[in-house]
file work26.cif (mmCIF, C-alpha atoms)
data_query
#
loop_
_atom_site.label_atom_id
_atom_site.label_comp_id
_atom_site.auth_asym_id
_atom_site.auth_seq_id
_atom_site.Cartn_x
_atom_site.Cartn_y
_atom_site.Cartn_z
CA MET M 1 -118.56 -40.00 -55.96
CA TYR M 2 -117.93 -37.19 -58.44
CA LYS M 3 -121.62 -36.30 -58.41
CA GLN M 4 -121.56 -36.29 -54.62
CA PHE M 5 -118.55 -33.95 -54.79
CA GLY M 6 -120.58 -31.65 -57.03
CA ILE M 7 -118.79 -32.30 -60.33
CA SER M 8 -121.03 -32.72 -63.37
CA LYS M 9 -120.49 -35.26 -66.13
CA GLU M 10 -120.00 -32.39 -68.57
CA ILE M 11 -117.02 -31.07 -66.57
CA LEU M 12 -115.62 -34.59 -66.18
CA ASP M 13 -115.70 -35.16 -69.93
CA ILE M 14 -113.90 -31.87 -70.59
CA ALA M 15 -111.35 -32.75 -67.89
CA ASP M 16 -110.69 -36.23 -69.34
CA LYS M 17 -109.94 -34.68 -72.72
CA ALA M 18 -107.56 -32.14 -71.18
CA GLU M 19 -105.82 -34.83 -69.15
CA GLN M 20 -105.16 -36.93 -72.23
CA GLU M 21 -103.69 -33.92 -74.00
CA VAL M 22 -101.06 -33.28 -71.28
CA GLN M 23 -99.62 -36.79 -70.87
CA GLU M 24 -96.36 -35.98 -72.67
CA GLU M 25 -95.78 -33.06 -70.32
CA PHE M 26 -96.50 -35.31 -67.34
CA LYS M 27 -93.77 -37.71 -68.49
CA LYS M 28 -91.26 -34.85 -68.46
CA ILE M 29 -92.30 -33.98 -64.91
CA ASP M 30 -91.85 -37.61 -63.80
CA SER M 31 -88.29 -37.57 -65.16
CA LEU M 32 -87.54 -34.29 -63.38
CA CYS M 33 -88.94 -35.69 -60.14
CA GLU M 34 -86.66 -38.73 -60.29
CA TYR M 35 -83.59 -36.56 -60.92
CA ASN M 36 -84.34 -34.24 -58.01
CA SER M 37 -85.18 -37.20 -55.76
CA LEU M 38 -81.74 -38.64 -56.47
CA LYS M 39 -80.16 -35.28 -55.63
CA VAL M 40 -81.94 -35.16 -52.26
CA LEU M 41 -81.24 -38.81 -51.41
CA ASN M 42 -77.54 -38.37 -52.17
CA ALA M 43 -77.40 -35.39 -49.80
CA PHE M 44 -79.14 -37.32 -46.99
CA GLN M 45 -76.70 -40.20 -47.37
CA LYS M 46 -73.63 -37.96 -47.68
CA TYR M 47 -74.36 -36.45 -44.27
CA CYS M 48 -75.47 -39.74 -42.68
CA VAL M 49 -78.88 -38.61 -41.44
CA SER M 50 -80.05 -40.65 -38.44
CA ASP M 51 -82.47 -40.41 -35.49
CA ILE M 52 -80.08 -38.18 -33.61
CA HIS M 53 -80.72 -35.42 -36.12
CA PHE M 54 -84.42 -35.37 -35.19
CA ASN M 55 -83.64 -34.30 -31.61
CA SER M 56 -84.77 -30.95 -30.26
CA THR M 57 -82.96 -28.05 -28.61
CA THR M 58 -84.36 -25.20 -26.54
CA GLY M 59 -83.05 -21.94 -25.15
CA TYR M 60 -80.04 -20.73 -27.11
CA GLY M 61 -79.87 -23.87 -29.24
CA TYR M 62 -76.13 -24.39 -28.90
CA SER M 63 -74.62 -27.50 -30.55
CA ASP M 64 -77.78 -28.53 -32.40
CA VAL M 65 -76.37 -31.26 -34.67
CA GLY M 66 -79.71 -31.71 -36.44
CA ARG M 67 -79.93 -28.04 -37.37
CA ASP M 68 -76.32 -27.98 -38.54
CA THR M 69 -76.83 -31.12 -40.63
CA ILE M 70 -80.01 -29.72 -42.18
CA GLU M 71 -78.07 -26.65 -43.32
CA LYS M 72 -75.34 -28.81 -44.86
CA ILE M 73 -77.98 -30.86 -46.71
CA PHE M 74 -79.78 -27.76 -48.04
CA ALA M 75 -76.45 -26.33 -49.20
CA GLU M 76 -75.69 -29.61 -50.98
CA VAL M 77 -79.09 -29.82 -52.68
CA LEU M 78 -78.96 -26.15 -53.70
CA GLN M 79 -75.28 -26.32 -54.76
CA ALA M 80 -74.34 -23.51 -52.38
CA GLU M 81 -71.35 -23.01 -50.09
CA ASP M 82 -73.59 -22.66 -47.04
CA SER M 83 -77.21 -22.23 -46.01
CA LEU M 84 -79.28 -20.80 -43.18
CA VAL M 85 -82.46 -22.84 -42.66
CA ARG M 86 -84.49 -21.66 -39.70
CA SER M 87 -87.98 -21.81 -38.28
CA GLN M 88 -87.26 -18.34 -36.85
CA PHE M 89 -87.96 -17.02 -40.34
CA ILE M 90 -91.68 -16.21 -40.43
CA SER M 91 -91.98 -16.22 -44.22
CA GLY M 92 -90.13 -15.83 -47.49
CA THR M 93 -90.67 -12.07 -47.21
CA HIS M 94 -89.04 -12.14 -43.78
CA ALA M 95 -86.02 -14.07 -45.12
CA LEU M 96 -85.68 -11.62 -48.03
CA THR M 97 -85.88 -8.72 -45.56
CA VAL M 98 -83.19 -10.24 -43.36
CA ALA M 99 -80.95 -10.76 -46.39
CA LEU M 100 -81.43 -7.22 -47.73
CA PHE M 101 -80.77 -5.60 -44.36
CA ALA M 102 -77.77 -7.90 -43.84
CA PHE M 103 -76.09 -7.01 -47.14
CA LEU M 104 -76.99 -3.33 -47.56
CA ARG M 105 -75.71 -0.28 -45.68
CA PRO M 106 -76.64 3.44 -45.79
CA ASP M 107 -75.96 4.96 -49.23
CA ASP M 108 -75.67 1.52 -50.87
CA ILE M 109 -77.64 1.05 -54.07
CA PHE M 110 -80.09 -1.82 -54.41
CA LEU M 111 -81.14 -2.53 -58.01
CA SER M 112 -84.03 -4.79 -59.02
CA ILE M 113 -83.65 -5.89 -62.65
CA SER M 114 -86.94 -7.81 -62.91
CA GLY M 115 -89.18 -4.82 -62.35
CA LYS M 116 -90.93 -4.05 -59.08
CA PRO M 117 -90.66 -6.93 -56.61
CA TYR M 118 -93.62 -8.71 -55.03
CA ASP M 119 -96.15 -6.49 -53.25
CA THR M 120 -95.11 -7.58 -49.73
CA LEU M 121 -91.68 -5.99 -50.29
CA ASP M 122 -93.14 -2.54 -51.05
CA GLU M 123 -92.85 -1.39 -47.43
CA VAL M 124 -89.60 -3.31 -46.88
CA ILE M 125 -87.97 -1.32 -49.67
CA GLY M 126 -89.85 1.90 -49.02
CA ILE M 127 -91.80 2.05 -52.29
CA VAL M 128 -94.71 2.43 -49.89
CA GLU M 129 -93.48 4.70 -47.09
CA ASN M 130 -92.53 2.98 -43.86
CA PRO M 131 -90.15 4.29 -41.15
CA SER M 132 -88.51 0.85 -40.92
CA SER M 133 -87.84 0.50 -44.67
CA LEU M 134 -84.52 0.30 -46.49
CA ILE M 135 -85.08 3.76 -47.95
CA ALA M 136 -85.73 5.12 -44.44
CA HIS M 137 -82.28 3.70 -43.57
CA HIS M 138 -80.80 5.64 -46.51
CA VAL M 139 -80.43 2.67 -48.86
CA LYS M 140 -81.03 3.82 -52.43
CA TYR M 141 -83.40 1.80 -54.60
CA GLU M 142 -83.51 1.55 -58.39
CA GLN M 143 -85.32 -0.80 -60.77
CA ILE M 144 -85.10 -1.78 -64.40
CA ASP M 145 -88.32 -3.10 -65.88
CA MET M 146 -88.45 -6.13 -68.14
CA ILE M 147 -89.24 -5.81 -71.85
CA ASN M 148 -91.50 -8.38 -73.54
CA ASN M 149 -90.92 -10.92 -70.75
CA ASP M 150 -87.14 -10.63 -70.94
CA PHE M 151 -84.43 -8.62 -69.25
CA ASP M 152 -83.37 -5.26 -70.65
CA TYR M 153 -79.85 -6.63 -71.10
CA ASP M 154 -78.25 -3.50 -72.58
CA LYS M 155 -79.63 -1.22 -69.89
CA ILE M 156 -78.66 -3.66 -67.12
CA GLN M 157 -75.09 -4.03 -68.37
CA LYS M 158 -74.68 -0.29 -68.79
CA ARG M 159 -75.94 0.36 -65.25
CA ALA M 160 -73.90 -2.46 -63.70
CA SER M 161 -70.72 -1.21 -65.38
CA LYS M 162 -70.73 1.91 -63.18
CA LYS M 163 -69.83 -0.38 -60.25
CA ASP M 164 -71.60 1.72 -57.63
CA ILE M 165 -74.34 -0.87 -57.07
CA LYS M 166 -74.05 -3.07 -53.98
CA LEU M 167 -76.79 -5.61 -54.74
CA ILE M 168 -78.79 -6.71 -57.77
CA GLU M 169 -81.99 -8.63 -57.10
CA ILE M 170 -83.85 -10.93 -59.49
CA GLN M 171 -87.32 -12.20 -58.65
CA ARG M 172 -87.70 -15.55 -60.37
CA SER M 173 -91.47 -15.83 -59.95
CA ARG M 174 -93.85 -13.24 -61.34
CA GLY M 175 -95.50 -12.17 -58.09
CA TYR M 176 -98.63 -10.22 -58.98
CA SER M 177 -97.07 -8.67 -62.08
CA MET M 178 -98.20 -9.25 -65.67
CA ARG M 179 -94.82 -10.61 -66.79
CA ASP M 180 -93.93 -14.29 -67.13
CA SER M 181 -91.84 -16.05 -64.52
CA ILE M 182 -88.16 -15.98 -65.45
CA THR M 183 -86.54 -19.17 -66.74
CA LEU M 184 -83.06 -20.12 -65.59
CA ASP M 185 -81.56 -19.76 -69.06
CA LYS M 186 -82.50 -16.06 -68.99
CA ILE M 187 -81.14 -15.69 -65.45
CA GLU M 188 -77.89 -17.34 -66.51
CA LYS M 189 -77.58 -15.00 -69.50
CA VAL M 190 -78.14 -11.85 -67.45
CA ILE M 191 -75.70 -12.96 -64.74
CA LYS M 192 -73.00 -13.48 -67.38
CA ILE M 193 -73.68 -10.04 -68.83
CA ILE M 194 -73.42 -8.45 -65.38
CA ARG M 195 -70.19 -10.30 -64.56
CA GLU M 196 -68.58 -9.06 -67.76
CA VAL M 197 -68.60 -5.54 -66.32
CA ASN M 198 -68.92 -6.03 -62.56
CA GLU M 199 -67.39 -8.91 -60.62
CA ASN M 200 -68.15 -7.61 -57.13
CA VAL M 201 -71.87 -6.80 -57.07
CA ILE M 202 -73.97 -9.21 -55.01
CA ILE M 203 -76.49 -11.02 -57.22
CA MET M 204 -79.44 -12.28 -55.17
CA VAL M 205 -82.33 -14.35 -56.55
CA ASP M 206 -85.71 -14.53 -54.87
CA ASN M 207 -86.19 -18.25 -55.50
CA CYS M 208 -89.68 -18.58 -54.00
CA TYR M 209 -91.93 -21.02 -55.93
CA GLY M 210 -89.01 -22.04 -58.17
CA GLU M 211 -87.11 -24.74 -56.30
CA MET M 212 -86.93 -28.14 -58.05
CA VAL M 213 -88.93 -26.92 -61.03
CA GLU M 214 -85.76 -27.43 -63.05
CA LYS M 215 -82.77 -29.71 -62.50
CA ILE M 216 -80.57 -26.86 -61.30
CA GLU M 217 -80.99 -23.78 -59.12
CA PRO M 218 -79.75 -20.19 -59.60
CA THR M 219 -76.71 -20.98 -57.44
CA ASN M 220 -75.58 -23.40 -60.18
CA ILE M 221 -75.41 -20.56 -62.70
CA GLY M 222 -73.67 -17.77 -60.83
CA ALA M 223 -76.12 -16.32 -58.29
CA ASP M 224 -74.34 -15.37 -55.06
CA VAL M 225 -77.33 -16.00 -52.82
CA ILE M 226 -80.87 -17.37 -53.12
CA VAL M 227 -83.81 -17.05 -50.74
CA GLY M 228 -86.99 -19.10 -50.37
CA SER M 229 -89.77 -20.23 -48.05
CA LEU M 230 -90.30 -23.64 -46.45
CA ILE M 231 -94.09 -23.40 -46.76
CA LYS M 232 -93.50 -23.42 -50.50
CA ASN M 233 -91.53 -25.95 -52.53
CA LEU M 234 -88.72 -27.19 -50.31
CA GLY M 235 -90.93 -27.76 -47.27
CA GLY M 236 -92.79 -30.48 -49.14
CA GLY M 237 -96.06 -29.60 -47.40
CA ILE M 238 -94.66 -30.95 -44.13
CA ALA M 239 -92.46 -28.18 -42.71
CA PRO M 240 -94.88 -26.03 -40.65
CA ASN M 241 -92.97 -22.77 -41.18
CA GLY M 242 -89.53 -21.35 -41.89
CA ALA M 243 -87.38 -20.25 -44.79
CA TYR M 244 -83.82 -20.47 -46.07
CA ILE M 245 -80.99 -18.30 -47.35
CA ALA M 246 -78.29 -20.15 -49.30
CA GLY M 247 -75.20 -19.12 -51.18
CA LYS M 248 -71.70 -17.83 -50.53
CA LYS M 249 -70.51 -18.57 -47.02
CA GLU M 250 -69.71 -14.98 -46.07
CA LEU M 251 -73.14 -13.79 -47.21
CA VAL M 252 -74.95 -16.55 -45.33
CA GLU M 253 -73.02 -15.60 -42.19
CA LEU M 254 -73.99 -11.93 -42.58
CA ALA M 255 -77.63 -13.01 -42.87
CA ALA M 256 -77.29 -15.23 -39.79
CA GLU M 257 -75.89 -12.34 -37.76
CA ARG M 258 -78.79 -10.18 -38.87
CA LEU M 259 -81.30 -12.88 -37.89
CA THR M 260 -79.70 -13.50 -34.48
CA ALA M 261 -76.95 -11.08 -33.37
CA PRO M 262 -73.41 -10.06 -34.36
CA GLY M 263 -70.99 -12.59 -32.92
CA LEU M 264 -73.67 -15.25 -32.56
CA GLY M 265 -74.74 -15.90 -36.16
CA LYS M 266 -75.46 -19.53 -36.97
CA GLU M 267 -74.28 -20.84 -33.60
CA VAL M 268 -77.62 -20.18 -31.93
CA GLY M 269 -81.25 -20.87 -32.73
CA PRO M 270 -83.25 -23.58 -30.95
CA THR M 271 -85.07 -26.01 -33.23
CA LEU M 272 -87.87 -26.83 -30.77
CA GLY M 273 -88.59 -30.21 -32.34
CA ILE M 274 -88.93 -29.10 -35.97
CA ASN M 275 -85.88 -30.90 -37.44
CA LYS M 276 -87.69 -34.08 -38.46
CA GLN M 277 -90.42 -32.11 -40.26
CA ILE M 278 -87.89 -30.02 -42.16
CA LEU M 279 -85.92 -33.11 -43.21
CA GLN M 280 -89.02 -35.07 -44.12
CA GLY M 281 -90.41 -32.10 -46.02
CA LEU M 282 -87.23 -31.80 -48.09
CA PHE M 283 -87.32 -35.56 -48.71
CA PHE M 284 -90.85 -35.32 -50.14
CA ALA M 285 -90.23 -32.03 -51.96
CA PRO M 286 -89.35 -33.47 -55.41
CA GLN M 287 -92.63 -35.43 -55.54
CA VAL M 288 -94.74 -32.60 -54.12
CA VAL M 289 -93.26 -30.08 -56.56
CA ALA M 290 -93.96 -32.55 -59.38
CA SER M 291 -97.58 -32.84 -58.21
CA SER M 292 -97.89 -29.05 -58.14
CA LEU M 293 -96.51 -28.82 -61.68
CA LYS M 294 -98.91 -31.47 -62.93
CA THR M 295 -101.81 -29.65 -61.29
CA ALA M 296 -100.73 -26.41 -62.98
CA ILE M 297 -100.33 -28.08 -66.38
CA PHE M 298 -103.74 -29.74 -66.13
CA ALA M 299 -105.39 -26.49 -65.04
CA SER M 300 -103.72 -24.61 -67.87
CA LYS M 301 -105.01 -26.98 -70.54
CA LEU M 302 -108.48 -27.31 -69.02
CA LEU M 303 -109.00 -23.54 -68.72
CA GLU M 304 -107.57 -22.98 -72.21
CA ASN M 305 -110.07 -25.48 -73.62
CA LEU M 306 -112.82 -23.56 -71.84
CA GLY M 307 -111.81 -20.33 -73.56
CA TYR M 308 -109.84 -18.61 -70.79
CA ASP M 309 -106.31 -17.24 -70.99
CA PRO M 310 -103.79 -19.30 -68.95
CA ASN M 311 -100.10 -18.48 -68.53
CA PRO M 312 -97.94 -20.47 -68.95
CA LYS M 313 -99.60 -22.59 -71.62
CA TYR M 314 -99.69 -26.27 -70.72
CA ASN M 315 -96.64 -27.14 -72.87
CA GLN M 316 -94.61 -24.01 -72.17
CA LYS M 317 -91.32 -24.14 -70.24
CA ARG M 318 -91.86 -23.38 -66.57
CA SER M 319 -89.68 -21.74 -63.94
CA ASP M 320 -92.04 -21.96 -60.95
CA ILE M 321 -95.19 -23.71 -59.78
CA VAL M 322 -97.47 -20.71 -60.35
CA GLN M 323 -100.23 -20.91 -62.93
CA THR M 324 -102.17 -17.79 -63.84
CA ILE M 325 -105.59 -17.63 -65.47
CA THR M 326 -106.89 -14.32 -66.78
CA PHE M 327 -110.67 -14.08 -66.62
CA HIS M 328 -111.29 -10.44 -67.60
CA ASP M 329 -114.27 -10.78 -65.28
CA LYS M 330 -114.29 -9.94 -61.56
CA GLU M 331 -117.10 -12.30 -60.65
CA LYS M 332 -115.61 -15.31 -62.46
CA LEU M 333 -112.29 -14.65 -60.74
CA ILE M 334 -113.96 -14.61 -57.33
CA LYS M 335 -116.01 -17.73 -58.08
CA PHE M 336 -112.91 -19.63 -59.24
CA CYS M 337 -111.10 -18.82 -56.00
CA GLN M 338 -114.16 -19.76 -53.97
CA GLY M 339 -114.31 -23.07 -55.86
CA ILE M 340 -110.69 -23.82 -54.94
CA GLN M 341 -111.63 -23.25 -51.29
CA MET M 342 -114.61 -25.59 -51.65
CA GLY M 343 -112.32 -28.25 -53.11
CA SER M 344 -109.87 -28.05 -50.20
CA PRO M 345 -109.56 -30.47 -47.26
CA ILE M 346 -109.54 -27.73 -44.59
CA ASP M 347 -112.20 -24.99 -44.21
CA SER M 348 -114.02 -26.19 -47.30
CA ASN M 349 -117.19 -24.66 -45.86
CA SER M 350 -115.62 -21.19 -45.75
CA VAL M 351 -116.29 -18.66 -48.51
CA PRO M 352 -113.32 -16.36 -49.20
CA GLU M 353 -114.04 -12.75 -50.07
CA PRO M 354 -111.74 -9.93 -51.22
CA TRP M 355 -110.34 -7.90 -48.32
CA ASP M 356 -107.58 -5.51 -47.31
CA MET M 357 -104.56 -7.62 -46.37
CA PRO M 358 -101.43 -6.30 -44.62
CA GLY M 359 -98.62 -5.74 -47.11
CA TYR M 360 -100.85 -5.48 -50.21
CA THR M 361 -101.99 -2.32 -52.00
CA ASP M 362 -105.17 -3.80 -53.57
CA LYS M 363 -107.93 -5.86 -52.06
CA VAL M 364 -106.92 -9.52 -52.31
CA ILE M 365 -108.92 -12.75 -52.34
CA MET M 366 -107.12 -15.79 -50.99
CA ALA M 367 -108.33 -19.38 -51.14
CA ALA M 368 -106.25 -21.87 -49.19
CA GLY M 369 -107.79 -24.75 -47.30
CA ALA M 370 -104.35 -25.79 -46.09
CA PHE M 371 -102.99 -27.85 -43.20
CA THR M 372 -100.35 -25.12 -42.73
CA GLN M 373 -101.66 -21.57 -42.62
CA GLY M 374 -100.62 -19.65 -45.75
CA SER M 375 -98.89 -22.64 -47.34
CA SER M 376 -98.45 -22.12 -51.08
CA ILE M 377 -97.25 -25.65 -51.84
CA GLU M 378 -100.69 -26.89 -50.83
CA LEU M 379 -103.37 -26.09 -53.40
CA SER M 380 -104.19 -22.41 -53.15
CA CYS M 381 -105.38 -19.56 -55.33
CA ASP M 382 -105.15 -15.85 -54.74
CA ALA M 383 -105.64 -12.69 -56.72
CA PRO M 384 -105.54 -8.92 -56.39
CA ILE M 385 -108.91 -7.46 -57.30
CA ARG M 386 -107.75 -5.38 -60.25
CA GLU M 387 -107.78 -5.57 -64.03
CA PRO M 388 -107.40 -7.87 -65.90
CA TYR M 389 -108.72 -10.05 -63.04
CA MET M 390 -105.98 -12.66 -63.03
CA ALA M 391 -105.95 -15.64 -60.63
CA PHE M 392 -102.68 -17.06 -59.32
CA LEU M 393 -103.01 -20.80 -58.76
CA GLN M 394 -100.27 -22.85 -57.15
CA GLY M 395 -99.59 -26.03 -55.24
CA GLY M 396 -101.08 -29.46 -54.85
CA LEU M 397 -99.67 -31.99 -52.37
CA THR M 398 -100.77 -34.71 -54.77
CA TYR M 399 -101.88 -34.36 -58.37
CA GLN M 400 -105.16 -36.10 -57.62
CA TYR M 401 -106.12 -33.63 -54.89
CA GLY M 402 -104.95 -30.75 -57.08
CA LYS M 403 -107.05 -31.96 -59.99
CA LEU M 404 -110.16 -32.31 -57.82
CA GLY M 405 -109.71 -28.78 -56.50
CA VAL M 406 -109.43 -27.39 -60.02
CA LEU M 407 -112.53 -29.32 -61.12
CA LYS M 408 -114.47 -27.87 -58.21
CA ALA M 409 -113.34 -24.35 -59.15
CA VAL M 410 -114.36 -24.79 -62.77
CA GLN M 411 -117.72 -26.22 -61.73
CA MET M 412 -118.25 -23.23 -59.45
CA MET M 413 -117.79 -20.87 -62.39
CA GLN M 414 -120.20 -22.86 -64.53
CA ASN M 415 -122.99 -22.90 -61.93
#

call {"tool": "encode", "arguments": {"input": "work26.cif", "output": "structure tokens"}}
result
Amino acid sequence: MYKQFGISKEILDIADKAEQEVQEEFKKIDSLCEYNSLKVLNAFQKYCVSDIHFNSTTGYGYSDVGRDTIEKIFAEVLQAEDSLVRSQFISGTHALTVALFAFLRPDDIFLSISGKPYDTLDEVIGIVENPSSLIAHHVKYEQIDMINNDFDYDKIQKRASKKDIKLIEIQRSRGYSMRDSITLDKIEKVIKIIREVNENVIIMVDNCYGEMVEKIEPTNIGADVIVGSLIKNLGGGIAPNGAYIAGKKELVELAAERLTAPGLGKEVGPTLGINKQILQGLFFAPQVVASSLKTAIFASKLLENLGYDPNPKYNQKRSDIVQTITFHDKEKLIKFCQGIQMGSPIDSNSVPEPWDMPGYTDKVIMAAGAFTQGSSIELSCDAPIREPYMAFLQGGLTYQYGKLGVLKAVQMMQN
């Protein structure tokens, strides 16, 4: 069967060695999965989920008990006062945009303390000029870059102490930057430092790719609000679209009124039959996130053994599901991504090529043979075509499918 799939015995032998070397890390992931499964199950039972919560609403969506229960469950799982979980969010970028426009007003200052945010926010902020951006609406933007994969704590505290900043944003995942993803212990430390000098600034964490990678979330350690996508971790590969905003009740309500309309807020929003998929996706999320982490750990060790530069290393502490591999070679990068596509269940006969994508400043290659378009919790790999030619691998609905996809990608590079 492996030969039929195009995997040579040489690659299988290298993979078996790598798999044996990561078993201790896999045991840690299994323990994490059980803990997060218990957290989710407790939330489902606390709010007495039943068939009635799978029902659909149309039109305005008034009195949708399923939607309201979903938002209570997400708030419980994320240890937040409230949450807004809606299919009307198109993506994580859309949810972040709604949150930023909900919280910020003309002449407010928005400070990013993890360097420049992900590329798709460039036009939202106005780093790349856009007449609909925050800067075009007279919101002021500042950023403090990270130093050696850590926050510039002194500079952040000094800037926060002036108390003229409305919102501080932290991007947990690395995006397309060269820095590491940010662990929760570092986020907790920087939040404490900020609160020593400024109790009122809104601290918002872009939580995309990070949910259930640790036992707690940023809301457990002082973040006022967190934002994420349902076609990443918490959708479990089942939710077909959507995103969430969770945190302090008054902030969630502001976001809801920005998504819908002032005076309507969370009271409207038809679910159109999606409730069961959102609930089932959350139910499966601990296991799917665990599978994604195992896929990343295996890929890290395998590519390290082959002489490439993975980050994180297989036994390094993780804060998200993203695994990077630096190839220092444009063609190997492209072949690896094409191999991931060939190892996918959907569109495996397609050959991805770098192209100009909306929202990105460089050409980007994206491999994702996914059941849900653009889903990052399903095995996918993407990369900007720029030095040092770094691939961003994430996802894997099951470890076995993730492993097979990685093997196909490695074989593609070797051919």

call {"tool": "resolve_selection", "arguments": {"input": "work26.cif", "expression": "the PyMOL selection byres ((chain M and resi 305) around 12)", "output": "PyMOL selection string"}}
result
chain M and resi 11+13-19+21+298-304+306-310+313-314+410

call {"tool": "residues_around", "arguments": {"input": "work26.cif", "residues": "M:Thr326", "least_positions_apart": "5", "cutoff": "12 Å", "atoms": "all atoms listed in the file", "output": "list of chain:residue names"}}
result
M:Met178, M:Ser300, M:Leu303, M:Glu304, M:Gly307, M:Tyr308, M:Asp309, M:Pro310, M:Asn311, M:Pro312, M:Lys332, M:Leu333, M:Ile334, M:Phe336, M:Ala383, M:Pro384, M:Ile385, M:Arg386, M:Glu387, M:Pro388, M:Tyr389, M:Met390, M:Ala391, M:Phe392, M:Leu393

call {"tool": "resolve_selection", "arguments": {"input": "work26.cif", "expression": "the PyMOL selection byres ((chain M and resi 236) around 8)", "output": "PDB file with C-alpha atoms, in the coordinates of the input"}}
result
ATOM      1  CA  LEU M 230     -90.300 -23.640 -46.450  1.00  0.00           C
ATOM      2  CA  ILE M 231     -94.090 -23.400 -46.760  1.00  0.00           C
ATOM      3  CA  LYS M 232     -93.500 -23.420 -50.500  1.00  0.00           C
ATOM      4  CA  ASN M 233     -91.530 -25.950 -52.530  1.00  0.00           C
ATOM      5  CA  LEU M 234     -88.720 -27.190 -50.310  1.00  0.00           C
ATOM      6  CA  GLY M 235     -90.930 -27.760 -47.270  1.00  0.00           C
ATOM      7  CA  GLY M 237     -96.060 -29.600 -47.400  1.00  0.00           C
ATOM      8  CA  ILE M 238     -94.660 -30.950 -44.130  1.00  0.00           C
ATOM      9  CA  ALA M 239     -92.460 -28.180 -42.710  1.00  0.00           C
ATOM     10  CA  GLN M 280     -89.020 -35.070 -44.120  1.00  0.00           C
ATOM     11  CA  GLY M 281     -90.410 -32.100 -46.020  1.00  0.00           C
ATOM     12  CA  LEU M 282     -87.230 -31.800 -48.090  1.00  0.00           C
ATOM     13  CA  PHE M 283     -87.320 -35.560 -48.710  1.00  0.00           C
ATOM     14  CA  PHE M 284     -90.850 -35.320 -50.140  1.00  0.00           C
ATOM     15  CA  ALA M 285     -90.230 -32.030 -51.960  1.00  0.00           C
ATOM     16  CA  PRO M 286     -89.350 -33.470 -55.410  1.00  0.00           C
ATOM     17  CA  VAL M 288     -94.740 -32.600 -54.120  1.00  0.00           C
ATOM     18  CA  VAL M 289     -93.260 -30.080 -56.560  1.00  0.00           C
ATOM     19  CA  ILE M 377     -97.250 -25.650 -51.840  1.00  0.00           C
ATOM     20  CA  LEU M 397     -99.670 -31.990 -52.370  1.00  0.00           C
TER      21      LEU M 397
END

call {"tool": "closest_residue", "arguments": {"input": "work26.cif", "among": "M:Ser63, M:Ser37, M:Ser112, M:Ser132", "to": "M:Ile168", "atoms": "only C-alpha atoms"}}
result
M:Ser112

call {"tool": "residues_around", "arguments": {"input": "work26.cif", "residues": "M:Thr361", "least_positions_apart": "4", "cutoff": "12 Å", "atoms": "all atoms listed in the file", "output": "PyMOL selection string"}}
result
chain M and resi 118-123+127-128+176+355-357+383-386

call {"tool": "resolve_selection", "arguments": {"input": "work26.cif", "expression": "the PyMOL selection byres ((chain M and resi 107) around 9)", "output": "MDAnalysis selection string"}}
result
chainID M and resid 104:106 108:109 137:140

call {"tool": "write_last_selection", "arguments": {"input": "work26.cif", "atoms": "C-alpha atoms", "output": "JSON list (two decimals), keeping the file's coordinate frame"}}
result
[["chain", "number", "residue", "atom", "x", "y", "z"],
["M", 104, "LEU", "CA", -76.99, -3.33, -47.56],
["M", 105, "ARG", "CA", -75.71, -0.28, -45.68],
["M", 106, "PRO", "CA", -76.64, 3.44, -45.79],
["M", 108, "ASP", "CA", -75.67, 1.52, -50.87],
["M", 109, "ILE", "CA", -77.64, 1.05, -54.07],
["M", 137, "HIS", "CA", -82.28, 3.70, -43.57],
["M", 138, "HIS", "CA", -80.80, 5.64, -46.51],
["M", 139, "VAL", "CA", -80.43, 2.67, -48.86],
["M", 140, "LYS", "CA", -81.03, 3.82, -52.43]]

call {"tool": "closest_atom_pairs", "arguments": {"input": "work26.cif", "of": "stretch 101-161 of chain M", "to": "stretch 187-211 of chain M", "cutoff": "10 Å", "atoms": "all atoms listed in the file", "output": "JSON lines"}}
result
{"residue": "M:Phe103", "atom": "CA", "partner": "M:Ile202", "partner_atom": "CA", "distance": 8.4}
{"residue": "M:Leu104", "atom": "CA", "partner": "M:Ile202", "partner_atom": "CA", "distance": 10.0}
{"residue": "M:Phe110", "atom": "CA", "partner": "M:Ile202", "partner_atom": "CA", "distance": 9.6}
{"residue": "M:Leu111", "atom": "CA", "partner": "M:Ile203", "partner_atom": "CA", "distance": 9.7}
{"residue": "M:Ser112", "atom": "CA", "partner": "M:Met204", "partner_atom": "CA", "distance": 9.6}
{"residue": "M:Ile113", "atom": "CA", "partner": "M:Val190", "partner_atom": "CA", "distance": 9.4}
{"residue": "M:Pro117", "atom": "CA", "partner": "M:Asp206", "partner_atom": "CA", "distance": 9.2}
{"residue": "M:Tyr118", "atom": "CA", "partner": "M:Asp206", "partner_atom": "CA", "distance": 9.8}
{"residue": "M:Asp150", "atom": "CA", "partner": "M:Ile187", "partner_atom": "CA", "distance": 9.6}
{"residue": "M:Phe151", "atom": "CA", "partner": "M:Val190", "partner_atom": "CA", "distance": 7.3}
{"residue": "M:Asp152", "atom": "CA", "partner": "M:Val190", "partner_atom": "CA", "distance": 9.0}
{"residue": "M:Tyr153", "atom": "CA", "partner": "M:Val190", "partner_atom": "CA", "distance": 6.6}
{"residue": "M:Asp154", "atom": "CA", "partner": "M:Ile193", "partner_atom": "CA", "distance": 8.8}
{"residue": "M:Ile156", "atom": "CA", "partner": "M:Ile194", "partner_atom": "CA", "distance": 7.3}
{"residue": "M:Gln157", "atom": "CA", "partner": "M:Ile194", "partner_atom": "CA", "distance": 5.6}
{"residue": "M:Lys158", "atom": "CA", "partner": "M:Val197", "partner_atom": "CA", "distance": 8.4}
{"residue": "M:Arg159", "atom": "CA", "partner": "M:Ile194", "partner_atom": "CA", "distance": 9.2}
{"residue": "M:Ala160", "atom": "CA", "partner": "M:Asn198", "partner_atom": "CA", "distance": 6.2}
{"residue": "M:Ser161", "atom": "CA", "partner": "M:Val197", "partner_atom": "CA", "distance": 4.9}
